[in-house]
>>> print(open('final19.cif').read())   # mmCIF, C-alpha atoms
data_model
loop_
_atom_site.label_atom_id
_atom_site.label_comp_id
_atom_site.auth_asym_id
_atom_site.auth_seq_id
_atom_site.Cartn_x
_atom_site.Cartn_y
_atom_site.Cartn_z
CA MET A 1 42.90 14.08 66.68
CA LYS A 2 40.95 16.33 69.08
CA VAL A 3 37.31 17.43 68.87
CA TYR A 4 35.93 20.70 70.22
CA ARG A 5 32.39 22.05 70.36
CA VAL A 6 32.39 25.55 68.90
CA GLY A 7 30.38 28.56 67.83
CA GLY A 8 26.68 29.08 68.34
CA SER A 9 26.03 26.22 70.74
CA VAL A 10 28.70 27.46 73.17
CA ARG A 11 27.48 31.05 72.80
CA ASP A 12 23.83 30.16 73.40
CA GLU A 13 24.79 28.00 76.35
CA LEU A 14 26.53 30.97 77.96
CA LEU A 15 23.45 33.09 77.24
CA GLY A 16 21.23 30.56 78.98
CA LEU A 17 19.34 29.76 75.79
CA ASN A 18 18.17 26.40 74.54
CA VAL A 19 20.84 24.78 72.39
CA LYS A 20 19.39 23.00 69.37
CA ASP A 21 22.40 22.18 67.21
CA HIS A 22 26.04 21.46 67.99
CA ASP A 23 28.93 22.23 65.65
CA HIS A 24 32.37 20.78 66.13
CA VAL A 25 35.91 21.49 64.99
CA VAL A 26 38.34 18.63 64.53
CA VAL A 27 42.03 19.38 65.03
CA GLY A 28 44.80 17.08 63.80
CA ALA A 29 42.81 15.10 61.24
CA THR A 30 42.62 14.74 57.46
CA VAL A 31 39.71 14.17 55.12
CA GLU A 32 40.79 10.54 54.83
CA ASP A 33 40.78 10.16 58.62
CA MET A 34 37.20 11.41 58.83
CA GLU A 35 35.93 9.20 56.03
CA ARG A 36 37.66 6.20 57.53
CA LEU A 37 35.73 6.83 60.76
CA GLY A 38 32.43 6.83 58.88
CA PHE A 39 31.85 10.60 58.67
CA ARG A 40 29.97 11.69 55.54
CA PRO A 41 31.44 14.69 53.65
CA VAL A 42 28.91 17.47 52.90
CA GLY A 43 31.00 20.64 52.54
CA LYS A 44 31.33 22.19 49.10
CA ASP A 45 33.80 24.96 49.86
CA PHE A 46 35.65 23.42 52.82
CA PRO A 47 35.79 20.02 54.58
CA VAL A 48 32.63 19.56 56.67
CA PHE A 49 31.27 16.16 57.66
CA LEU A 50 28.19 14.69 59.30
CA HIS A 51 28.61 12.33 62.23
CA PRO A 52 27.50 8.80 61.23
CA GLU A 53 25.09 8.53 64.18
CA THR A 54 24.18 12.00 65.50
CA HIS A 55 24.39 13.72 62.07
CA GLU A 56 25.91 16.79 63.76
CA GLU A 57 28.46 18.81 61.80
CA TYR A 58 32.17 18.28 62.22
CA ALA A 59 34.55 20.57 60.30
CA LEU A 60 38.29 20.25 59.99
CA ALA A 61 40.16 23.14 61.59
CA ARG A 62 40.99 25.60 58.85
CA THR A 63 42.41 28.98 57.96
CA GLU A 64 41.44 31.19 55.03
CA ARG A 65 43.17 33.62 52.72
CA LYS A 66 41.36 36.31 50.76
CA THR A 67 41.89 35.94 47.01
CA ALA A 68 39.05 37.93 45.41
CA ARG A 69 36.13 40.21 46.23
CA GLY A 70 32.90 38.82 47.63
CA TYR A 71 32.11 36.20 50.22
CA LYS A 72 33.36 33.34 48.03
CA GLY A 73 36.73 34.87 47.24
CA PHE A 74 38.74 32.70 49.65
CA THR A 75 41.30 29.96 49.53
CA VAL A 76 40.80 27.51 52.39
CA TYR A 77 43.59 25.60 54.14
CA ALA A 78 42.52 22.59 56.23
CA THR A 79 45.50 20.54 57.35
CA PRO A 80 46.28 18.62 60.56
CA GLU A 81 48.69 21.39 61.53
CA VAL A 82 45.98 24.07 61.86
CA THR A 83 45.36 24.79 65.56
CA LEU A 84 42.07 25.48 67.32
CA GLU A 85 43.16 29.08 68.03
CA GLU A 86 43.91 29.62 64.33
CA ASP A 87 40.49 28.28 63.43
CA LEU A 88 38.76 30.50 65.98
CA ALA A 89 40.73 33.53 64.78
CA ARG A 90 39.09 33.38 61.33
CA ARG A 91 35.58 33.68 62.78
CA ASP A 92 33.47 36.83 62.61
CA LEU A 93 32.60 37.86 66.17
CA THR A 94 34.16 37.16 69.53
CA ILE A 95 30.89 35.68 70.82
CA ASN A 96 31.12 33.07 68.04
CA ALA A 97 34.83 32.33 68.59
CA ILE A 98 34.46 30.28 71.75
CA ALA A 99 35.01 26.52 72.16
CA ARG A 100 34.67 23.77 74.74
CA ASP A 101 36.88 20.72 74.88
CA GLU A 102 35.76 17.18 75.66
CA HIS A 103 36.00 17.90 79.40
CA GLY A 104 33.80 20.99 79.17
CA VAL A 105 36.67 23.45 79.62
CA LEU A 106 35.99 26.82 77.96
CA ILE A 107 38.56 27.97 75.41
CA ASP A 108 38.04 31.67 74.76
CA PRO A 109 41.13 33.41 73.33
CA PHE A 110 39.22 36.56 72.27
CA ASP A 111 37.12 37.13 75.41
CA GLY A 112 33.83 36.27 73.75
CA ALA A 113 32.35 35.34 77.12
CA GLY A 114 33.20 38.83 78.36
CA ASP A 115 31.48 40.41 75.36
CA ILE A 116 28.41 38.28 76.04
CA GLU A 117 28.29 39.68 79.56
CA ARG A 118 28.77 43.21 78.22
CA GLY A 119 26.19 42.74 75.45
CA VAL A 120 28.61 43.71 72.68
CA LEU A 121 29.11 42.47 69.12
CA ARG A 122 32.85 42.80 68.45
CA HIS A 123 34.88 41.52 65.50
CA VAL A 124 37.64 39.00 66.19
CA GLY A 125 40.34 40.55 64.02
CA PRO A 126 41.19 42.53 60.89
CA ALA A 127 40.16 39.63 58.64
CA PHE A 128 36.56 40.60 59.42
CA VAL A 129 36.63 42.98 56.43
CA GLU A 130 37.28 40.15 54.00
CA ASP A 131 33.74 38.75 54.04
CA PRO A 132 30.82 41.12 53.31
CA VAL A 133 28.27 38.61 54.64
CA ARG A 134 29.56 39.55 58.08
CA ILE A 135 27.86 42.94 57.77
CA LEU A 136 24.53 41.14 57.48
CA ARG A 137 25.36 38.72 60.27
CA VAL A 138 26.24 41.50 62.71
CA ALA A 139 22.94 43.21 61.95
CA ARG A 140 21.06 39.93 62.38
CA PHE A 141 22.73 39.18 65.71
CA ALA A 142 21.84 42.71 66.86
CA ALA A 143 18.20 41.84 66.12
CA ARG A 144 18.47 38.50 67.89
CA PHE A 145 20.26 39.45 71.08
CA GLY A 146 19.73 43.21 71.32
CA PHE A 147 23.51 43.65 71.66
CA ALA A 148 25.28 46.89 70.75
CA VAL A 149 27.82 46.92 67.94
CA ALA A 150 31.32 47.82 69.17
CA PRO A 151 32.42 51.21 67.74
CA GLU A 152 35.52 49.73 66.12
CA THR A 153 33.43 47.00 64.49
CA PHE A 154 30.95 49.57 63.23
CA GLU A 155 33.77 51.54 61.64
CA LEU A 156 35.00 48.41 59.86
CA MET A 157 31.49 47.80 58.52
CA ARG A 158 31.28 51.36 57.21
CA HIS A 159 34.70 50.94 55.62
CA MET A 160 33.61 47.72 53.90
CA VAL A 161 30.53 49.45 52.47
CA ALA A 162 32.60 52.42 51.28
CA GLU A 163 35.11 50.06 49.63
CA GLY A 164 32.32 48.36 47.68
CA GLU A 165 32.45 44.96 49.42
CA ALA A 166 28.68 45.01 50.04
CA ASP A 167 28.12 45.40 46.30
CA HIS A 168 29.42 41.88 45.75
CA LEU A 169 26.83 40.15 47.92
CA VAL A 170 24.69 37.75 45.89
CA PRO A 171 20.89 38.12 46.20
CA GLU A 172 20.32 34.62 47.57
CA ARG A 173 22.71 35.18 50.47
CA VAL A 174 21.26 38.61 51.23
CA TRP A 175 17.75 37.18 51.34
CA GLN A 176 18.90 34.28 53.51
CA GLU A 177 20.30 36.61 56.16
CA LEU A 178 17.45 39.13 55.92
CA ALA A 179 14.84 36.39 56.25
CA LYS A 180 16.53 35.12 59.41
CA GLY A 181 16.70 38.64 60.80
CA LEU A 182 13.05 39.32 59.99
CA MET A 183 12.11 36.30 62.11
CA GLU A 184 13.92 37.58 65.21
CA MET A 185 12.01 39.25 68.05
CA HIS A 186 13.33 42.73 67.21
CA PRO A 187 13.83 42.80 63.42
CA SER A 188 13.88 46.60 63.43
CA ARG A 189 17.34 46.47 64.98
CA MET A 190 18.73 44.67 61.93
CA PHE A 191 17.55 47.41 59.59
CA GLU A 192 18.77 50.14 61.93
CA VAL A 193 22.29 48.68 61.95
CA LEU A 194 22.34 48.15 58.18
CA ARG A 195 21.10 51.66 57.55
CA ALA A 196 23.52 53.28 59.99
CA CYS A 197 26.57 51.69 58.33
CA GLY A 198 25.29 52.50 54.84
CA ALA A 199 24.72 48.89 53.79
CA LEU A 200 20.92 49.08 53.45
CA ALA A 201 21.17 51.72 50.73
CA ARG A 202 23.50 49.41 48.76
CA ILE A 203 21.80 46.05 49.18
CA LEU A 204 18.18 47.17 49.42
CA PRO A 205 17.77 50.83 48.37
CA GLU A 206 13.99 50.45 48.04
CA VAL A 207 13.58 49.67 51.74
CA ASP A 208 16.17 52.28 52.67
CA ARG A 209 14.00 54.84 50.89
CA LEU A 210 10.90 53.75 52.80
CA VAL A 211 12.67 53.67 56.15
CA ALA A 212 14.07 57.15 55.53
CA ASP A 213 10.52 58.51 55.82
CA ASP A 214 10.06 58.60 59.60
CA ALA A 215 6.36 59.32 59.30
CA ARG A 216 5.78 55.82 57.99
CA GLN A 217 7.46 54.07 60.93
CA PRO A 218 7.81 50.69 59.21
CA LEU A 219 10.41 49.44 61.68
CA ALA A 220 8.17 49.84 64.71
CA ALA A 221 5.48 47.97 62.79
CA LEU A 222 7.95 45.17 62.11
CA ASP A 223 8.50 44.69 65.83
CA ARG A 224 4.74 44.64 66.39
CA ALA A 225 4.41 41.86 63.81
CA ALA A 226 7.24 39.99 65.53
CA ALA A 227 5.54 40.38 68.92
CA ARG A 228 2.50 38.61 67.46
CA ALA A 229 4.71 35.85 65.94
CA ARG A 230 3.60 36.62 62.39
CA ALA A 231 4.86 34.57 59.44
CA LEU A 232 7.85 35.63 57.33
CA GLU A 233 5.76 36.91 54.41
CA VAL A 234 3.69 39.06 56.79
CA ARG A 235 6.79 40.65 58.30
CA TYR A 236 8.28 41.28 54.88
CA GLY A 237 4.97 42.74 53.66
CA VAL A 238 4.86 45.14 56.63
CA LEU A 239 7.81 47.01 55.10
CA PHE A 240 5.57 48.08 52.20
CA CYS A 241 2.30 48.69 54.07
CA ASP A 242 1.19 52.29 54.29
CA ALA A 243 -2.12 54.11 54.39
CA ASP A 244 -0.60 56.56 51.91
CA ALA A 245 1.03 53.96 49.62
CA ASP A 246 0.81 54.68 45.91
CA SER A 247 2.06 53.32 42.60
CA THR A 248 5.61 54.28 43.60
CA THR A 249 5.39 52.09 46.71
CA VAL A 250 4.04 49.22 44.61
CA GLN A 251 7.01 49.52 42.26
CA LEU A 252 9.41 49.65 45.21
CA ALA A 253 7.91 46.39 46.50
CA ARG A 254 8.36 44.77 43.10
CA ASP A 255 11.90 46.07 42.64
CA ALA A 256 13.02 45.06 46.14
CA SER A 257 11.56 41.57 45.76
CA ASP A 258 13.19 41.12 42.35
CA ARG A 259 16.51 42.38 43.70
CA LEU A 260 16.39 39.89 46.59
CA ARG A 261 14.87 37.11 44.47
CA ALA A 262 12.41 36.76 47.32
CA PRO A 263 10.15 33.70 47.43
CA SER A 264 6.88 34.15 45.58
CA ASP A 265 4.71 34.17 48.72
CA CYS A 266 6.78 37.01 50.19
CA ARG A 267 6.86 38.94 46.92
CA ASP A 268 3.13 38.58 46.32
CA LEU A 269 2.19 39.72 49.82
CA ALA A 270 4.57 42.69 49.64
CA VAL A 271 3.05 43.87 46.36
CA LEU A 272 -0.49 43.33 47.68
CA ALA A 273 0.36 45.25 50.84
CA ALA A 274 1.72 48.19 48.87
CA GLU A 275 -1.24 48.19 46.49
CA LEU A 276 -4.13 47.55 48.86
CA SER A 277 -3.12 48.82 52.31
CA PRO A 278 -4.72 52.25 51.66
CA SER A 279 -8.05 50.53 50.97
CA VAL A 280 -7.69 48.26 54.00
CA CYS A 281 -6.96 51.31 56.14
CA ARG A 282 -10.28 52.79 55.02
CA GLY A 283 -12.07 49.50 55.66
CA LEU A 284 -14.66 51.08 57.95
CA GLU A 285 -15.56 53.69 55.33
CA LEU A 286 -15.94 51.41 52.30
CA ASP A 287 -19.39 50.59 51.00
CA ALA A 288 -20.38 47.08 49.92
CA THR A 289 -19.31 47.66 46.32
CA ALA A 290 -15.86 48.89 47.30
CA ILE A 291 -15.41 45.99 49.74
CA VAL A 292 -16.26 43.37 47.11
CA ASP A 293 -13.92 45.10 44.67
CA LEU A 294 -11.15 44.96 47.28
CA LEU A 295 -11.80 41.26 47.87
CA GLN A 296 -11.65 40.58 44.13
CA ARG A 297 -8.47 42.60 43.61
CA SER A 298 -6.75 40.68 46.41
CA ASP A 299 -8.02 37.32 45.06
CA ALA A 300 -9.52 36.74 48.51
CA PHE A 301 -12.25 34.41 47.23
CA ARG A 302 -9.69 31.92 45.97
CA ARG A 303 -7.00 32.63 48.55
CA PRO A 304 -8.66 33.66 51.83
CA GLU A 305 -5.60 32.64 53.89
CA ARG A 306 -3.42 35.11 51.99
CA PHE A 307 -6.02 37.83 52.48
CA ALA A 308 -5.92 37.18 56.24
CA ARG A 309 -2.14 37.58 56.14
CA LEU A 310 -2.50 40.84 54.24
CA LEU A 311 -4.73 42.06 57.07
CA GLU A 312 -2.13 40.92 59.61
CA ALA A 313 0.51 43.04 57.85
CA CYS A 314 -1.82 46.05 57.73
CA GLU A 315 -2.77 45.53 61.37
CA ALA A 316 0.87 45.70 62.47
CA ARG A 317 1.33 48.91 60.51
CA MET A 318 -1.88 50.65 61.56
CA CYS A 319 -2.15 49.73 65.26
CA ASP A 320 -0.38 51.97 67.75
CA GLY A 321 0.55 49.40 70.38
CA ALA A 322 1.16 45.66 70.30
CA GLY A 323 -2.03 45.35 68.27
CA THR A 324 -5.33 43.66 69.13
CA ALA A 325 -8.38 42.71 67.13
CA ALA A 326 -10.29 45.50 68.89
CA GLY A 327 -7.60 47.96 67.80
CA PHE A 328 -8.00 46.99 64.15
CA PRO A 329 -11.74 47.02 63.39
CA GLN A 330 -11.04 47.32 59.67
CA GLY A 331 -9.79 43.73 59.69
CA ALA A 332 -12.86 42.48 61.54
CA ARG A 333 -15.20 44.15 59.07
CA LEU A 334 -13.34 42.94 55.97
CA LEU A 335 -13.09 39.36 57.19
CA SER A 336 -16.80 39.40 58.06
CA ALA A 337 -17.57 40.68 54.57
CA LEU A 338 -15.40 37.97 53.03
CA ASP A 339 -17.27 35.28 54.96
CA THR A 340 -20.58 36.73 53.79
CA ALA A 341 -19.54 37.07 50.15
CA ARG A 342 -18.12 33.55 50.05
CA GLY A 343 -21.47 32.30 51.26
CA VAL A 344 -23.12 33.36 48.01
CA ASP A 345 -24.03 30.28 45.95
CA ALA A 346 -22.30 31.02 42.65
CA GLY A 347 -23.51 27.76 41.06
CA SER A 348 -27.14 28.54 41.70
CA ILE A 349 -26.72 32.08 40.31
CA ALA A 350 -25.03 30.74 37.17
CA ALA A 351 -27.90 28.30 36.59
CA ARG A 352 -30.57 31.02 36.59
CA PRO A 353 -31.70 32.46 33.25
CA ASP A 354 -30.25 35.95 33.00
CA PRO A 355 -28.79 37.81 30.00
CA ARG A 356 -26.00 39.36 32.07
CA PRO A 357 -22.56 37.70 32.12
CA ILE A 358 -22.19 35.20 34.99
CA PRO A 359 -19.26 37.04 36.69
CA GLU A 360 -21.29 40.24 36.70
CA ARG A 361 -24.26 38.47 38.32
CA ILE A 362 -22.09 36.81 40.98
CA ARG A 363 -20.46 40.14 41.80
CA ALA A 364 -23.85 41.82 42.13
CA ALA A 365 -25.08 39.05 44.45
CA ARG A 366 -22.01 39.38 46.62
CA ILE A 367 -22.44 43.14 46.89
CA GLU A 368 -26.08 42.67 47.84
CA ALA A 369 -25.17 40.09 50.49
CA VAL A 370 -22.42 42.25 52.02
CA ASP A 371 -24.70 45.26 52.03
CA ALA A 372 -27.49 43.32 53.73
CA ALA A 373 -25.15 41.98 56.39
CA SER A 374 -23.34 45.24 57.04
CA GLY A 375 -25.47 45.99 60.07
CA GLN A 376 -24.40 42.77 61.81
CA PRO A 377 -20.62 42.42 61.50
CA HIS A 378 -18.81 39.41 62.91
CA HIS A 379 -16.39 40.64 65.58
CA ARG A 380 -13.37 38.75 64.40
CA GLY A 381 -9.89 40.15 63.79
CA PRO A 382 -6.99 38.79 61.76
CA ARG A 383 -5.72 35.46 62.91
#
>>> encode(input="final19.cif", output="structure tokens")
Amino acid sequence: MKVYRVGGSVRDELLGLNVKDHDHVVVGATVEDMERLGFRPVGKDFPVFLHPETHEEYALARTERKTARGYKGFTVYATPEVTLEEDLARRDLTINAIARDEHGVLIDPFDGAGDIERGVLRHVGPAFVEDPVRILRVARFAARFGFAVAPETFELMRHMVAEGEADHLVPERVWQELAKGLMEMHPSRMFEVLRACGALARILPEVDRLVADDARQPLAALDRAAARARALEVRYGVLFCDADADSTTVQLARDASDRLRAPSDCRDLAVLAAELSPSVCRGLELDATAIVDLLQRSDAFRRPERFARLLEACEARMCDGAGTAAGFPQGARLLSALDTARGVDAGSIAARPDPRPIPERIRAARIEAVDAASGQPHHRGPR
């Protein structure tokens, strides 16, 4: 039995990045051997185990054979006879098909180290076309490392899309990869790669439609949000922010989120961004009544943190450069107005004798307070 460190940890080590997790391949062992040594099985589709002390992953060397469409259509073979080279050959990209043995010797049959130096994402072999998730992974790695996609790999990706492989991706897996890509430093690159190979139109046609309109420049805004280390829901919401957004954009946000089965916080912010970004954009022009209406529509009185994230998404879309509070005065004014309106004592207003409905009286008091304070805004931008 021999153990090798493989995949991302070796790749990141060669890139000079911090290595957080280590994955291992075990050659010459059986499931029974691993369990006898105290390893805990965790793999559902193939034999993966957790080390009894370090809890790092150890997988038996395996090969795969395509049996059906989709990323689950494989039969896995994990026997003691499978070699390290055979295991590496089934991997997606050369930069991920590198191993180190127990003495630290690099084992690199597909020149992954060379592709790291060249800054190229290149498929290992023809089996690349068998797993449509690899289209998403290539795009995500392009966003992470800024590497170029090798022409021959790009052609395979286009071929996979044309053959309908991308149509068999399940929403949960698409969201998983997209969410990871959105959190990279240059998420725009992921969408550029997906769009260029035709995959974006198949897996997320709503976003493909928005990206197709160059005047909106959502991808540049995505990178601005990434530069400011914004949260996932903010980055996702940026895709649907637009000063000219309308009911069609709102529906696209809903449809895209339903298609991806996106988490509720991401879906809600995307819909809010599509619906309210035109009003936020005009934040300096709104009177007190319109501002209070905007705060109510966004549920900012109950959820001020979400409102601040809405402003962060709008800021990324509306600022020209990296974005600063001074470059987004709309956010400063709206947050100041929210602070003022939340300072209104709703309980005291409700206790006063007045024939008008209580919500109407509270709204009127908030408008009056915002109007009175409008000459002295707090100079505070989105957090």
>>> resolve_selection(input="final19.cif", expression="the PyMOL selection byres ((chain A and resi 120) around 7)", output="NGL selection string")
:A and (115-116 or 118-119 or 121-122 or 147-150)
>>> atom_distance(input="final19.cif", atom1="atom CA of A:Arg333", atom2="atom CA of A:Ile349")
25.1 Å
>>> closest_atom_pairs(input="final19.cif", of="stretch 272-379 of chain A", to="stretch 251-263 of chain A", cutoff="12 Å", atoms="all atoms listed in the file", output="CSV")
residue,atom,partner,partner_atom,distance
A:Leu272,CA,A:Ala253,CA,9.0
A:Ala273,CA,A:Ala253,CA,8.8
A:Ala274,CA,A:Ala253,CA,6.9
A:Glu275,CA,A:Ala253,CA,9.3
>>> residues_near_point(input="final19.cif", point="(41.5, 35.9, 73.0)", cutoff="9 Å", atoms="only C-alpha atoms", output="list of chain:residue names")
A:Glu85, A:Ala89, A:Thr94, A:Ala97, A:Ile107, A:Asp108, A:Pro109, A:Phe110, A:Asp111, A:Gly112, A:Val124
>>> residues_around(input="final19.cif", residues="stretch 367-372 of chain A", least_positions_apart="3", cutoff="6 Å", atoms="only C-alpha atoms", output="PyMOL selection string")
chain A and resi 288-289+337+364
>>> atom_distance(input="final19.cif", atom1="atom CA of A:Glu102", atom2="atom CA of A:Tyr4")
6.5 Å
>>> resolve_selection(input="final19.cif", expression="the PyMOL selection byres ((chain A and resi 26-40) around 7)", output="PyMOL selection string")
chain A and resi 1-4+24-25+41-42+49-52+58-61+79-84
>>> closest_atom_pairs(input="final19.cif", of="stretch 144-237 of chain A", to="stretch 308-311 of chain A", cutoff="10 Å", atoms="all atoms listed in the file", output="tab-separated table")
residue	atom	partner	partner_atom	distance
A:Arg230	CA	A:Arg309	CA	8.5
A:Ala231	CA	A:Arg309	CA	8.3
A:Glu233	CA	A:Arg309	CA	8.1
A:Val234	CA	A:Arg309	CA	6.0
A:Arg235	CA	A:Arg309	CA	9.7
A:Gly237	CA	A:Leu310	CA	7.7
>>> resolve_selection(input="final19.cif", expression="the PyMOL selection byres ((chain A and resi 242) around 7)", output="ChimeraX atom specification")
/A:216,240-241,243-245,274,277-278
>>> atom_distance(input="final19.cif", atom1="atom CA of A:Asp345", atom2="atom CA of A:Pro329")
27.1 Å
>>> decode(input="final19.cif", residues="stretch 215-237 of chain A", atoms="N, CA and C atoms", output="short mmCIF file (atom, residue, chain, number, x, y, z; two decimals), in the first residue's frame")
data_model
loop_
_atom_site.label_atom_id
_atom_site.label_comp_id
_atom_site.auth_asym_id
_atom_site.auth_seq_id
_atom_site.Cartn_x
_atom_site.Cartn_y
_atom_site.Cartn_z
N ALA A 215 -23.96 47.40 -22.61
CA ALA A 215 -24.15 48.70 -21.94
C ALA A 215 -24.33 48.52 -20.44
N ARG A 216 -24.75 47.36 -20.02
CA ARG A 216 -25.02 47.16 -18.60
C ARG A 216 -23.75 46.80 -17.82
N GLN A 217 -22.79 46.21 -18.47
CA GLN A 217 -21.50 45.90 -17.88
C GLN A 217 -21.59 45.22 -16.52
N PRO A 218 -22.40 44.17 -16.40
CA PRO A 218 -22.51 43.51 -15.09
C PRO A 218 -21.25 42.79 -14.67
N LEU A 219 -20.44 42.34 -15.62
CA LEU A 219 -19.25 41.56 -15.25
C LEU A 219 -18.18 42.45 -14.62
N ALA A 220 -18.01 43.66 -15.14
CA ALA A 220 -17.06 44.57 -14.51
C ALA A 220 -17.51 44.92 -13.10
N ALA A 221 -18.82 45.05 -12.91
CA ALA A 221 -19.35 45.34 -11.58
C ALA A 221 -19.10 44.18 -10.63
N LEU A 222 -19.17 42.96 -11.15
CA LEU A 222 -18.88 41.78 -10.33
C LEU A 222 -17.46 41.85 -9.77
N ASP A 223 -16.51 42.20 -10.62
CA ASP A 223 -15.12 42.29 -10.16
C ASP A 223 -14.94 43.42 -9.15
N ARG A 224 -15.71 44.50 -9.28
CA ARG A 224 -15.63 45.57 -8.30
C ARG A 224 -16.15 45.09 -6.95
N ALA A 225 -17.23 44.31 -6.97
CA ALA A 225 -17.75 43.75 -5.71
C ALA A 225 -16.73 42.79 -5.09
N ALA A 226 -16.06 42.02 -5.94
CA ALA A 226 -15.04 41.09 -5.44
C ALA A 226 -13.87 41.85 -4.84
N ALA A 227 -13.48 42.96 -5.46
CA ALA A 227 -12.36 43.75 -4.96
C ALA A 227 -12.65 44.32 -3.58
N ARG A 228 -13.93 44.49 -3.26
CA ARG A 228 -14.32 45.01 -1.95
C ARG A 228 -14.74 43.87 -1.02
N ALA A 229 -14.47 42.61 -1.43
CA ALA A 229 -14.72 41.43 -0.60
C ALA A 229 -16.18 41.34 -0.15
N ARG A 230 -17.10 41.63 -1.08
CA ARG A 230 -18.52 41.56 -0.74
C ARG A 230 -18.97 40.12 -0.56
N ALA A 231 -20.08 39.95 0.16
CA ALA A 231 -20.64 38.63 0.44
C ALA A 231 -21.22 38.01 -0.83
N LEU A 232 -21.47 36.70 -0.77
CA LEU A 232 -21.97 35.97 -1.93
C LEU A 232 -23.27 36.57 -2.45
N GLU A 233 -24.23 36.86 -1.56
CA GLU A 233 -25.52 37.36 -2.04
C GLU A 233 -25.37 38.71 -2.72
N VAL A 234 -24.41 39.52 -2.28
CA VAL A 234 -24.18 40.82 -2.92
C VAL A 234 -23.66 40.60 -4.33
N ARG A 235 -22.69 39.70 -4.48
CA ARG A 235 -22.11 39.45 -5.81
C ARG A 235 -23.16 38.88 -6.76
N TYR A 236 -23.98 37.97 -6.25
CA TYR A 236 -25.04 37.43 -7.09
C TYR A 236 -26.05 38.52 -7.46
N GLY A 237 -26.40 39.37 -6.50
CA GLY A 237 -27.35 40.45 -6.76
C GLY A 237 -26.84 41.45 -7.78
#
